[in-house]
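J.: This is start_3.cif, which holds mmCIF, C-alpha atoms:
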data_data
#
loop_
_atom_site.group_PDB
_atom_site.id
_atom_site.type_symbol
_atom_site.label_atom_id
_atom_site.label_comp_id
_atom_site.auth_asym_id
_atom_site.auth_seq_id
_atom_site.Cartn_x
_atom_site.Cartn_y
_atom_site.Cartn_z
ATOM 1 C CA MET H 1 -18.422 169.559 147.608
ATOM 2 C CA SER H 2 -20.875 166.652 147.654
ATOM 3 C CA THR H 3 -24.503 167.076 148.710
ATOM 4 C CA GLN H 4 -23.798 164.984 151.813
ATOM 5 C CA ASP H 5 -20.789 167.138 152.758
ATOM 6 C CA PHE H 6 -22.793 170.332 152.225
ATOM 7 C CA TYR H 7 -25.628 169.213 154.501
ATOM 8 C CA ALA H 8 -23.256 167.740 157.094
ATOM 9 C CA ALA H 9 -21.651 171.177 157.464
ATOM 10 C CA LEU H 10 -25.022 172.970 157.430
ATOM 11 C CA THR H 11 -26.769 170.715 159.972
ATOM 12 C CA PRO H 12 -25.838 172.583 163.187
ATOM 13 C CA PHE H 13 -26.965 175.875 161.634
ATOM 14 C CA TYR H 14 -29.885 174.773 159.421
ATOM 15 C CA HIS H 15 -32.521 176.190 161.766
ATOM 16 C CA LEU H 16 -31.001 179.668 161.326
ATOM 17 C CA ILE H 17 -32.529 179.875 157.844
ATOM 18 C CA TYR H 18 -35.817 180.578 159.647
ATOM 19 C CA PRO H 19 -36.325 183.732 161.750
ATOM 20 C CA ASN H 20 -37.773 181.446 164.457
ATOM 21 C CA TRP H 21 -37.427 177.750 163.646
ATOM 22 C CA GLU H 22 -39.734 176.577 166.454
ATOM 23 C CA GLU H 23 -42.517 178.838 165.174
ATOM 24 C CA SER H 24 -41.829 177.676 161.595
ATOM 25 C CA VAL H 25 -42.226 174.030 162.654
ATOM 26 C CA GLU H 26 -45.644 174.855 164.125
ATOM 27 C CA GLN H 27 -46.720 177.105 161.232
ATOM 28 C CA GLN H 28 -45.701 174.615 158.550
ATOM 29 C CA ALA H 29 -47.495 171.809 160.382
ATOM 30 C CA ALA H 30 -50.660 173.901 160.556
ATOM 31 C CA MET H 31 -50.465 174.762 156.836
ATOM 32 C CA LEU H 32 -49.678 171.176 155.800
ATOM 33 C CA ASP H 33 -52.411 169.797 158.057
ATOM 34 C CA ALA H 34 -54.923 172.191 156.459
ATOM 35 C CA LEU H 35 -53.838 171.101 152.946
ATOM 36 C CA ILE H 36 -54.038 167.441 153.914
ATOM 37 C CA ARG H 37 -57.533 167.845 155.359
ATOM 38 C CA ASP H 38 -58.702 169.911 152.351
ATOM 39 C CA TYR H 39 -57.530 167.295 149.822
ATOM 40 C CA TRP H 40 -57.874 164.005 151.696
ATOM 41 C CA GLY H 41 -60.220 164.713 154.598
ATOM 42 C CA ASP H 42 -59.520 162.490 157.592
ATOM 43 C CA THR H 43 -58.085 159.573 155.565
ATOM 44 C CA ILE H 44 -54.423 160.426 156.139
ATOM 45 C CA HIS H 45 -52.786 158.875 159.196
ATOM 46 C CA SER H 46 -49.340 157.611 158.140
ATOM 47 C CA ILE H 47 -46.899 159.976 156.445
ATOM 48 C CA LEU H 48 -43.505 159.295 154.884
ATOM 49 C CA ASP H 49 -41.266 162.380 154.790
ATOM 50 C CA VAL H 50 -38.617 161.503 152.166
ATOM 51 C CA ALA H 51 -36.487 164.619 152.766
ATOM 52 C CA CYS H 52 -36.888 165.292 156.477
ATOM 53 C CA GLY H 53 -33.729 167.332 156.987
ATOM 54 C CA ILE H 54 -33.600 168.396 160.634
ATOM 55 C CA GLY H 55 -37.345 167.752 161.022
ATOM 56 C CA THR H 56 -38.987 171.031 160.035
ATOM 57 C CA GLN H 57 -42.151 169.351 158.703
ATOM 58 C CA CYS H 58 -42.190 165.910 160.334
ATOM 59 C CA LEU H 59 -41.839 167.202 163.903
ATOM 60 C CA GLY H 60 -44.852 169.485 163.622
ATOM 61 C CA LEU H 61 -46.944 166.904 161.787
ATOM 62 C CA ALA H 62 -46.203 164.346 164.509
ATOM 63 C CA GLN H 63 -47.175 166.941 167.124
ATOM 64 C CA VAL H 64 -50.613 167.354 165.510
ATOM 65 C CA GLY H 65 -51.207 163.606 165.551
ATOM 66 C CA TYR H 66 -49.915 162.013 162.357
ATOM 67 C CA GLN H 67 -47.806 158.830 162.423
ATOM 68 C CA LEU H 68 -44.468 159.793 160.841
ATOM 69 C CA THR H 69 -41.695 157.878 159.173
ATOM 70 C CA ALA H 70 -38.884 160.130 158.005
ATOM 71 C CA SER H 71 -35.690 159.745 156.027
ATOM 72 C CA ASP H 72 -33.066 161.952 154.465
ATOM 73 C CA LEU H 73 -29.883 161.550 152.442
ATOM 74 C CA SER H 74 -27.879 163.299 155.183
ATOM 75 C CA ALA H 75 -26.965 161.120 158.173
ATOM 76 C CA GLU H 76 -26.104 164.265 160.158
ATOM 77 C CA GLU H 77 -29.512 165.810 159.536
ATOM 78 C CA VAL H 78 -31.263 162.561 160.478
ATOM 79 C CA THR H 79 -29.259 162.475 163.718
ATOM 80 C CA ARG H 80 -30.309 166.049 164.498
ATOM 81 C CA ALA H 81 -33.953 165.367 163.592
ATOM 82 C CA ARG H 82 -33.932 162.309 165.850
ATOM 83 C CA ALA H 83 -32.583 164.452 168.730
ATOM 84 C CA GLU H 84 -35.207 167.159 168.067
ATOM 85 C CA ALA H 85 -37.962 164.506 168.175
ATOM 86 C CA ALA H 86 -36.586 163.086 171.433
ATOM 87 C CA LYS H 87 -36.617 166.585 173.016
ATOM 88 C CA ARG H 88 -40.313 166.806 172.134
ATOM 89 C CA GLN H 89 -41.033 163.204 173.157
ATOM 90 C CA LEU H 90 -42.242 162.362 169.658
ATOM 91 C CA SER H 91 -42.149 158.866 168.218
ATOM 92 C CA ILE H 92 -40.870 159.152 164.643
ATOM 93 C CA ASP H 93 -39.087 156.359 162.788
ATOM 94 C CA PHE H 94 -35.987 158.059 161.309
ATOM 95 C CA SER H 95 -33.461 156.584 158.879
ATOM 96 C CA VAL H 96 -30.941 157.563 156.216
ATOM 97 C CA ALA H 97 -32.202 156.999 152.666
ATOM 98 C CA ASP H 98 -31.998 158.511 149.214
ATOM 99 C CA MET H 99 -35.426 159.646 147.976
ATOM 100 C CA ARG H 100 -34.686 157.788 144.725
ATOM 101 C CA ASP H 101 -34.665 154.498 146.664
ATOM 102 C CA VAL H 102 -37.352 154.892 149.345
ATOM 103 C CA LEU H 103 -39.509 151.923 148.350
ATOM 104 C CA ARG H 104 -36.689 149.433 148.806
ATOM 105 C CA HIS H 105 -35.535 151.218 151.938
ATOM 106 C CA HIS H 106 -38.898 151.567 153.723
ATOM 107 C CA ASP H 107 -40.573 148.551 152.073
ATOM 108 C CA GLN H 108 -44.106 149.714 152.833
ATOM 109 C CA GLN H 109 -46.824 152.077 151.715
ATOM 110 C CA PHE H 110 -48.084 155.184 153.479
ATOM 111 C CA ASP H 111 -51.216 157.310 153.300
ATOM 112 C CA LEU H 112 -49.137 160.304 152.234
ATOM 113 C CA VAL H 113 -45.602 160.905 150.969
ATOM 114 C CA ILE H 114 -44.148 164.392 151.441
ATOM 115 C CA ALA H 115 -41.038 166.139 150.099
ATOM 116 C CA CYS H 116 -40.983 169.750 151.282
ATOM 117 C CA ASP H 117 -38.676 172.758 151.345
ATOM 118 C CA ASN H 118 -37.708 172.456 147.685
ATOM 119 C CA ALA H 119 -36.026 169.049 148.159
ATOM 120 C CA VAL H 120 -36.952 167.468 144.812
ATOM 121 C CA PRO H 121 -35.105 170.115 142.712
ATOM 122 C CA HIS H 122 -31.894 169.049 144.471
ATOM 123 C CA LEU H 123 -32.016 166.167 142.006
ATOM 124 C CA LEU H 124 -30.228 167.507 138.970
ATOM 125 C CA SER H 125 -31.568 165.442 136.093
ATOM 126 C CA ASP H 126 -35.003 164.673 134.709
ATOM 127 C CA GLU H 127 -34.125 160.980 135.057
ATOM 128 C CA ASP H 128 -33.428 161.338 138.793
ATOM 129 C CA ILE H 129 -36.566 163.411 139.366
ATOM 130 C CA GLY H 130 -38.628 160.831 137.470
ATOM 131 C CA LEU H 131 -37.102 158.004 139.496
ATOM 132 C CA ALA H 132 -37.884 159.810 142.765
ATOM 133 C CA LEU H 133 -41.489 160.459 141.709
ATOM 134 C CA GLN H 134 -41.887 156.774 140.781
ATOM 135 C CA GLN H 135 -40.605 155.865 144.251
ATOM 136 C CA PHE H 136 -43.042 158.276 145.919
ATOM 137 C CA TYR H 137 -45.897 156.745 143.929
ATOM 138 C CA ALA H 138 -44.835 153.216 144.843
ATOM 139 C CA CYS H 139 -44.720 154.182 148.546
ATOM 140 C CA THR H 140 -48.248 155.633 148.442
ATOM 141 C CA ARG H 141 -51.165 153.360 149.324
ATOM 142 C CA PRO H 142 -54.147 153.336 146.934
ATOM 143 C CA GLY H 143 -56.282 156.386 147.686
ATOM 144 C CA GLY H 144 -53.362 158.165 149.359
ATOM 145 C CA GLY H 145 -51.388 161.065 148.018
ATOM 146 C CA CYS H 146 -48.148 162.925 147.567
ATOM 147 C CA LEU H 147 -47.423 166.486 148.635
ATOM 148 C CA ILE H 148 -44.326 168.232 147.268
ATOM 149 C CA SER H 149 -43.342 171.859 147.793
ATOM 150 C CA VAL H 150 -41.191 173.421 145.070
ATOM 151 C CA ARG H 151 -39.948 176.991 144.729
ATOM 152 C CA ASP H 152 -41.356 178.760 141.675
ATOM 153 C CA TYR H 153 -38.094 179.479 139.870
ATOM 154 C CA GLU H 154 -39.939 181.310 137.090
ATOM 155 C CA GLN H 155 -40.638 184.017 139.682
ATOM 156 C CA GLU H 156 -36.990 183.942 140.787
ATOM 157 C CA ARG H 157 -35.150 183.448 137.514
ATOM 158 C CA GLY H 158 -32.262 185.827 137.395
ATOM 159 C CA THR H 159 -28.898 186.102 135.777
ATOM 160 C CA GLY H 160 -25.371 186.036 137.067
ATOM 161 C CA CYS H 161 -24.900 185.819 140.798
ATOM 162 C CA GLU H 162 -27.507 186.901 143.394
ATOM 163 C CA VAL H 163 -27.285 187.069 147.177
ATOM 164 C CA LYS H 164 -30.520 186.183 148.997
ATOM 165 C CA PRO H 165 -30.343 187.532 152.574
ATOM 166 C CA TYR H 166 -32.218 185.801 155.415
ATOM 167 C CA GLY H 167 -31.049 188.175 158.140
ATOM 168 C CA VAL H 168 -28.970 188.220 161.281
ATOM 169 C CA ARG H 169 -29.444 185.406 163.812
ATOM 170 C CA ASP H 170 -28.067 184.932 167.307
ATOM 171 C CA HIS H 171 -27.215 181.357 168.257
ATOM 172 C CA GLU H 172 -25.281 180.051 171.250
ATOM 173 C CA GLY H 173 -23.688 183.414 171.982
ATOM 174 C CA LYS H 174 -22.645 184.092 168.410
ATOM 175 C CA ARG H 175 -24.186 186.265 165.711
ATOM 176 C CA TYR H 176 -24.591 184.923 162.167
ATOM 177 C CA LEU H 177 -25.433 186.672 158.915
ATOM 178 C CA VAL H 178 -27.515 184.118 157.017
ATOM 179 C CA PHE H 179 -27.769 184.249 153.223
ATOM 180 C CA GLN H 180 -27.762 182.106 150.102
ATOM 181 C CA VAL H 181 -25.785 182.734 146.944
ATOM 182 C CA TRP H 182 -27.632 181.856 143.764
ATOM 183 C CA ASP H 183 -25.320 181.475 140.782
ATOM 184 C CA TRP H 184 -27.511 181.280 137.669
ATOM 185 C CA GLN H 185 -26.174 179.299 134.737
ATOM 186 C CA GLU H 186 -27.558 179.199 131.219
ATOM 187 C CA GLN H 187 -28.964 175.811 130.210
#
Could you quickly redo this structure as structure tokens?
T.:
Amino acid sequence: MSTQDFYAALTPFYHLIYPNWEESVEQQAAMLDALIRDYWGDTIHSILDVACGIGTQCLGLAQVGYQLTASDLSAEEVTRARAEAAKRQLSIDFSVADMRDVLRHHDQQFDLVIACDNAVPHLLSDEDIGLALQQFYACTRPGGGCLISVRDYEQERGTGCEVKPYGVRDHEGKRYLVFQVWDWQEQ
């Protein structure tokens, strides 16, 4: 299954990963806003979210006053994020783009580039990660910054196959058991 196919199928249910997605949008925005202010003061206004998914970070950041441009590899997730922004009457420029090609795609610089929710490790080679980081740097104005959240796999490193439960969620009259399967492979 391709990455695009995986996220296309996940899109309608992505919010179920969170116990309360609406609260998570607000909480993540508050945490990111605090980090931004701690590191860059009041100099950050424009933000490029290079892995926006369904909008978990960009929606909340727009709600607290930042100017957002957001892209993702998944057209389905961008469509959902666009709909979520419209419901909240937020003006966010959404588009479909690979994080390894964001400079050509967006053709501008931003005060801050973000890639949250462990998006960068979806790139499977050092070459691809390096290319993405070069693109983030090229999209960052002088004096700006880049904020990336990555899971600490050293804390998680296991063997074999693990099931990571998120819990039971009710959605549109149906009940879902939400979990991830982590299949560790020796490198």
J.: Using only C-alpha atoms, which residue out of H:Glu22, H:Asp126, H:Asp49, H:Asp33 lies closest to Glu84 (chain H)?
T.: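 Looking at the shortest contact to Glu84 (chain H), the residue is H:Glu22.
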J.: Excluding Ile92 (chain H) and residues on its chain fewer than 5 positions from it, collect all residues at most 9 Å away from it, counting only C-alpha atoms, and give them as a list in words.
T.: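 Neighbouring residues, sequence-local ones excluded: Cys58, Leu59, Ala62, Gln67, Leu68, Thr69, Ala70, Arg82, Ala85 and Ala86 of chain H.
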J.: Can you write just those residues out, C-alpha atoms, as a CSV table (one decimal), keeping the file's coordinate frame?
T.:
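Full text of part33.csv as output:
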chain,number,residue,atom,x,y,z
H,58,CYS,CA,-42.2,165.9,160.3
H,59,LEU,CA,-41.8,167.2,163.9
H,62,ALA,CA,-46.2,164.3,164.5
H,67,GLN,CA,-47.8,158.8,162.4
H,68,LEU,CA,-44.5,159.8,160.8
H,69,THR,CA,-41.7,157.9,159.2
H,70,ALA,CA,-38.9,160.1,158.0
H,82,ARG,CA,-33.9,162.3,165.8
H,85,ALA,CA,-38.0,164.5,168.2
H,86,ALA,CA,-36.6,163.1,171.4
J.: Please write as a PyMOL selection string the list of polymer residues whose atoms come within 12 Å of (-28.8, 179.1, 148.7), counting only C-alpha atoms and keeping to the coordinates of the file.
T.: chain H and resi 6-7+10+14+17+118+122+161-166+178-184
J.: On this structure, which residues satisfy the PyMOL selection byres ((chain H and resi 169) around 12), written as a list in words?
T.: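 In the shown coordinates, the PyMOL selection byres ((chain H and resi 169) around 12) covers Phe13, Tyr14, His15, Leu16, Ile17, Tyr18, Pro19, Asn20, Trp21, Pro165, Tyr166, Gly167, Val168, Asp170, His171, Glu172, Gly173, Lys174, Arg175, Tyr176, Leu177, Val178 and Phe179 of chain H.
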J.: Taking only C-alpha atoms into account, name the residue in H:Val96, H:Leu48, H:Leu73, H:Leu61 that is nearest to Gln109 (chain H).
T.: H:Leu48
J.: The PyMOL selection byres ((chain H and resi 30) around 12) - which residues does that actually catch in the file I just gave you? List them as a ChimeraX atom specification.
T.: /H:23-29,31-37,57-65
J.: Find the residues around region 130-142 of chain H up to 6 Å (only C-alpha atoms counted), leave out those fewer than 6 positions away in its own chain, and share them as a list in words.
T.: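 With the cut-off at 6 Å, the set is Met99, Arg100, Leu103, Gln109, Phe110 and Asp111 of chain H.
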J.: Using only C-alpha atoms, which of the listed residues (H:Cys146, H:Ala83, H:Ala119, H:Ala75) sits closest to Ala51 (chain H)?
T.: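 Of all the options, H:Ala119 lies closest to Ala51 (chain H).
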J.: Please compute the CA of Val78 (chain H)-CA of Tyr39 (chain H) distance, one decimal, in Å.
T.: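 Answer for the CA of Val78 (chain H) to CA of Tyr39 (chain H) separation: 28.7 Å.
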J.: In Å, with one decimal, what is the gap from CA of Asp152 (chain H) to CA of Cys52 (chain H)?
T.: 20.5 Å
J.: Using CA of Ile54 (chain H) and CA of Thr11 (chain H) as the two end points, give the distance in Å to one decimal.
T.: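 Rounded to one decimal, the two atoms are 7.2 Å apart.
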J.: Using all atoms listed in the file, which protein or nucleic acid residues come within 10 Å of Ala8 (chain H)? Drop anything in the same chain fewer than 4 positions from it, and give the result as a list in words.
T.: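 My reading of the contact set: Ser2, Thr3, Gln4, Pro12, Tyr14, Ser74, Ala75, Glu76 and Glu77 of chain H.
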